[in-house]
$ cat structure_13.cif   # mmCIF, C-alpha atoms
data_coords
loop_
_atom_site.label_atom_id
_atom_site.label_comp_id
_atom_site.auth_asym_id
_atom_site.auth_seq_id
_atom_site.Cartn_x
_atom_site.Cartn_y
_atom_site.Cartn_z
CA MET A 1 -56.55 11.00 15.32
CA THR A 2 -53.61 11.10 12.97
CA THR A 3 -53.53 9.86 9.39
CA GLU A 4 -51.68 6.74 10.56
CA ASN A 5 -54.49 5.93 12.99
CA TRP A 6 -57.14 6.52 10.32
CA VAL A 7 -55.36 4.25 7.83
CA ARG A 8 -55.33 1.46 10.40
CA VAL A 9 -59.00 1.95 11.30
CA VAL A 10 -60.18 2.09 7.69
CA ALA A 11 -58.05 -0.87 6.54
CA GLY A 12 -59.14 -2.97 9.52
CA THR A 13 -62.78 -2.14 8.92
CA PHE A 14 -62.55 -2.99 5.22
CA VAL A 15 -60.85 -6.31 5.96
CA PHE A 16 -63.38 -7.20 8.66
CA VAL A 17 -66.39 -6.37 6.48
CA SER A 18 -65.04 -8.03 3.33
CA VAL A 19 -64.20 -11.26 5.18
CA ALA A 20 -67.62 -11.25 6.84
CA LEU A 21 -69.29 -10.85 3.44
CA GLY A 22 -66.99 -13.33 1.67
CA ALA A 23 -66.58 -16.21 4.11
CA PRO A 24 -69.11 -18.98 3.33
CA SER A 25 -69.54 -19.77 7.02
CA SER A 26 -70.45 -16.16 7.87
CA PRO A 27 -74.09 -15.41 8.73
CA ILE A 28 -73.97 -12.39 6.40
CA PHE A 29 -72.28 -14.20 3.51
CA VAL A 30 -72.93 -12.63 0.10
CA SER A 31 -70.24 -13.84 -2.29
CA GLU A 32 -66.76 -15.28 -2.12
CA TRP A 33 -65.67 -12.48 -4.46
CA PHE A 34 -65.61 -10.11 -1.47
CA LEU A 35 -62.40 -11.86 -0.46
CA VAL A 36 -60.73 -10.24 -3.49
CA PHE A 37 -61.27 -6.89 -1.77
CA THR A 38 -59.43 -8.28 1.28
CA LEU A 39 -56.51 -9.13 -1.00
CA PHE A 40 -56.60 -5.61 -2.46
CA VAL A 41 -56.44 -4.01 1.00
CA GLY A 42 -53.58 -6.30 2.03
CA PHE A 43 -51.65 -5.56 -1.15
CA ASN A 44 -52.17 -1.82 -0.71
CA LEU A 45 -50.90 -1.97 2.88
CA PHE A 46 -47.87 -3.97 1.68
CA GLN A 47 -46.97 -1.59 -1.14
CA SER A 48 -47.47 1.50 1.03
CA GLY A 49 -45.13 0.04 3.63
CA ILE A 50 -42.45 -0.41 0.99
CA SER A 51 -43.00 2.67 -1.17
CA GLY A 52 -44.40 5.13 1.37
CA PHE A 53 -47.29 5.98 -0.99
CA CYS A 54 -50.81 5.52 0.36
CA PRO A 55 -53.80 6.95 -1.53
CA LEU A 56 -55.88 7.09 1.66
CA VAL A 57 -53.31 9.39 3.30
CA ASN A 58 -53.66 11.81 0.37
CA ILE A 59 -57.45 11.75 0.76
CA LEU A 60 -57.18 12.30 4.52
CA HIS A 61 -54.81 15.25 4.02
CA LYS A 62 -57.33 16.85 1.66
CA MET A 63 -59.96 16.37 4.37
CA GLY A 64 -57.73 18.21 6.87
CA VAL A 65 -56.48 15.29 8.96
CA SER A 66 -53.08 16.03 10.46
CA ASP A 67 -49.99 13.83 10.64
CA ALA A 68 -49.09 15.23 14.05
CA PRO A 69 -50.45 13.51 17.15
CA SER A 70 -52.98 15.46 19.20
CA CYS A 71 -52.13 16.98 22.58
CA GLY A 72 -53.85 14.16 24.49
CA ARG A 73 -51.49 11.53 23.20
#
$ encode --input "structure_13.cif" --output "structure tokens"
Amino acid sequence: MTTENWVRVVAGTFVFVSVALGAPSSPIFVSEWFLVFTLFVGFNLFQSGISGFCPLVNILHKMGVSDAPSCGR
């Protein structure tokens, strides 16, 4: 998977988990403050779309994840 795919997977997972933990009607509700994390992820996606800077991409590059698609794609 490319860095772009990883960013989408990680952001989607964080949003899903934070909404599940922050929505009062959720069976695994913990606190409404988890919804602040959802806002943080959304803001980070917004600013990275405008500026081109994404901290997760830098972390993924250090872990050896490539920007180029694999041969099977």
$ axis_aligned_box --input "structure_13.cif" --around "stretch 46-65 of chain A" --padding-each-side "8 Å" --output "JSON"
{"center_x": -51.2, "center_y": 7.1, "center_z": 3.7, "size_x": 33.5, "size_y": 38.2, "size_z": 26.5}
$ atom_distance --input "structure_13.cif" --atom1 "atom CA of A:Gly12" --atom2 "atom CA of A:Val57"
15.0 Å
$ atom_distance --input "structure_13.cif" --atom1 "atom CA of A:Gly64" --atom2 "atom CA of A:Val10"
16.3 Å
$ residues_near_point --input "structure_13.cif" --point "(-58.9, -6.5, 2.7)" --cutoff "7 Å" --atoms "only C-alpha atoms" --output "MDAnalysis selection string"
chainID A and resid 11 14:15 18 37:42
$ atom_distance --input "structure_13.cif" --atom1 "atom CA of A:Val7" --atom2 "atom CA of A:Gly22"
22.0 Å
